[in-house]
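Undergrad: One structure, as structure tokens, below. Some questions next.
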Amino acid sequence: MNWPLEAFLSFLAAGAFGIIFNIPRKTLVSCGLVGMSGWLFYRSYYLMFDDPIQATFIGAFIVAIVAHILAKIFKMPMIIFSVAGIIPLVPGSRAYNAMRNIVENDYAEAVDFAVQALMISGAIAMGLVFAEVLMQLYFKYQARRTQKKMGFTQE
């Protein structure tokens, strides 16, 4: 495995999709970093535990957390960072192989690839949602803490 090459390619993919999605120019590098961080966490988990579905969940979770942090820093919507950042995790080759096997009348293999693609897509969605819930809980906790410091508590 070539870590620097994978990091560069995932950075490039996320940044290129940022260009396609017409995101602000000043956030292109950040979008690339979001995609790269998600991919490197995905790859690390996959190499340790050999489970692409759980690894995708971890990668999507990291993408959403980093996207939230960058959204606060840049004062922009989180979706700018998360959409481009999630691109390296999308199971495009599995979906392609499912369709190819359907065309070749190898339905058993097609179902296997399709199920993998659907499970990975679900893991992406769950990773994004879990991170969103976690960040909302954190923001609510932080707001309450700030209110207590300023003496605005309602009990």
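Identifiers for the structure tokens are assigned positionally: chains receive A, B, ... in sequence, residues are indexed from 1 per chain, and ligands are indexed from 1 in the order shown.
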So which residues touch Met126 of chain A within 10 Å, counting only C-alpha atoms, skipping near sequence neighbours fewer than 2 positions away, as a list in words?
TA: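 My reading of the contact set: Thr56, Phe57, Ile58, Ala60, Phe61, Ile120, Ser121, Gly122, Ala123, Ile124, Leu128, Val129, Phe130, Ala131 and Glu132 of chain A.
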Undergrad: Mind checking which residues fall within 12 Å of Phe17 of chain A, counting only C-alpha atoms, ignoring those fewer than 6 positions away in the same chain, and posting them as an MDAnalysis selection string?
TA: chainID A and resid 10:11 23 28:29 31:32 35 80:88
Undergrad: How would the residues just chosen look if you wrote them out with N, CA and C atoms as a PDB file, in the first residue's frame?
TA:
ATOM      1  N   SER A  10      -6.945  10.721  -3.228  1.00  0.00           N
ATOM      2  CA  SER A  10      -8.222  11.030  -2.584  1.00  0.00           C
ATOM      3  C   SER A  10      -8.387  12.536  -2.423  1.00  0.00           C
ATOM      4  N   PHE A  11      -7.297  13.243  -2.141  1.00  0.00           N
ATOM      5  CA  PHE A  11      -7.322  14.705  -2.090  1.00  0.00           C
ATOM      6  C   PHE A  11      -7.732  15.272  -3.447  1.00  0.00           C
ATOM      7  N   ILE A  23     -17.998  24.822  -5.826  1.00  0.00           N
ATOM      8  CA  ILE A  23     -17.860  25.352  -4.469  1.00  0.00           C
ATOM      9  C   ILE A  23     -16.959  26.579  -4.499  1.00  0.00           C
ATOM     10  N   LEU A  28     -11.548  24.948  -1.754  1.00  0.00           N
ATOM     11  CA  LEU A  28     -11.152  23.771  -2.537  1.00  0.00           C
ATOM     12  C   LEU A  28     -10.123  22.905  -1.810  1.00  0.00           C
ATOM     13  N   VAL A  29      -9.111  23.518  -1.265  1.00  0.00           N
ATOM     14  CA  VAL A  29      -8.082  22.753  -0.558  1.00  0.00           C
ATOM     15  C   VAL A  29      -8.691  22.069   0.669  1.00  0.00           C
ATOM     16  N   CYS A  31     -11.790  21.094   1.041  1.00  0.00           N
ATOM     17  CA  CYS A  31     -12.595  19.961   0.582  1.00  0.00           C
ATOM     18  C   CYS A  31     -11.708  18.767   0.246  1.00  0.00           C
ATOM     19  N   GLY A  32     -10.577  19.037  -0.370  1.00  0.00           N
ATOM     20  CA  GLY A  32      -9.630  17.964  -0.645  1.00  0.00           C
ATOM     21  C   GLY A  32      -9.127  17.315   0.632  1.00  0.00           C
ATOM     22  N   GLY A  35     -11.852  14.995   2.069  1.00  0.00           N
ATOM     23  CA  GLY A  35     -11.886  13.715   1.359  1.00  0.00           C
ATOM     24  C   GLY A  35     -10.685  12.845   1.677  1.00  0.00           C
ATOM     25  N   ILE A  80     -21.013  21.969   1.868  1.00  0.00           N
ATOM     26  CA  ILE A  80     -19.948  22.324   0.922  1.00  0.00           C
ATOM     27  C   ILE A  80     -18.768  21.376   1.087  1.00  0.00           C
ATOM     28  N   PHE A  81     -18.444  21.047   2.318  1.00  0.00           N
ATOM     29  CA  PHE A  81     -17.285  20.204   2.591  1.00  0.00           C
ATOM     30  C   PHE A  81     -17.628  18.717   2.548  1.00  0.00           C
ATOM     31  N   SER A  82     -18.809  18.357   3.013  1.00  0.00           N
ATOM     32  CA  SER A  82     -19.135  16.933   3.133  1.00  0.00           C
ATOM     33  C   SER A  82     -19.429  16.271   1.790  1.00  0.00           C
ATOM     34  N   VAL A  83     -20.084  16.982   0.867  1.00  0.00           N
ATOM     35  CA  VAL A  83     -20.426  16.363  -0.420  1.00  0.00           C
ATOM     36  C   VAL A  83     -19.170  16.013  -1.207  1.00  0.00           C
ATOM     37  N   ALA A  84     -18.267  16.964  -1.315  1.00  0.00           N
ATOM     38  CA  ALA A  84     -17.025  16.678  -2.040  1.00  0.00           C
ATOM     39  C   ALA A  84     -16.163  15.687  -1.265  1.00  0.00           C
ATOM     40  N   GLY A  85     -16.184  15.764   0.060  1.00  0.00           N
ATOM     41  CA  GLY A  85     -15.350  14.885   0.873  1.00  0.00           C
ATOM     42  C   GLY A  85     -15.780  13.434   0.875  1.00  0.00           C
ATOM     43  N   ILE A  86     -17.041  13.182   0.607  1.00  0.00           N
ATOM     44  CA  ILE A  86     -17.550  11.813   0.663  1.00  0.00           C
ATOM     45  C   ILE A  86     -17.265  11.049  -0.640  1.00  0.00           C
ATOM     46  N   ILE A  87     -16.905  11.755  -1.691  1.00  0.00           N
ATOM     47  CA  ILE A  87     -16.715  11.145  -3.011  1.00  0.00           C
ATOM     48  C   ILE A  87     -15.737   9.967  -3.014  1.00  0.00           C
ATOM     49  N   PRO A  88     -14.583  10.035  -2.345  1.00  0.00           N
ATOM     50  CA  PRO A  88     -13.683   8.874  -2.395  1.00  0.00           C
ATOM     51  C   PRO A  88     -14.266   7.599  -1.772  1.00  0.00           C
TER      52      PRO A  88
END
Undergrad: Please, what distance in Å, to one decimal, runs between atom CA of Asn97 of chain A and atom CA of Val34 of chain A?
TA: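 Going from atom CA of Asn97 of chain A over to atom CA of Val34 of chain A, I get 27.2 Å.
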Undergrad: Tell me, in Å to one decimal, how far atom CA of Arg94 of chain A is from atom CA of Ile19 of chain A.
TA: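 One can read the atom CA of Arg94 of chain A to atom CA of Ile19 of chain A distance as 24.8 Å.
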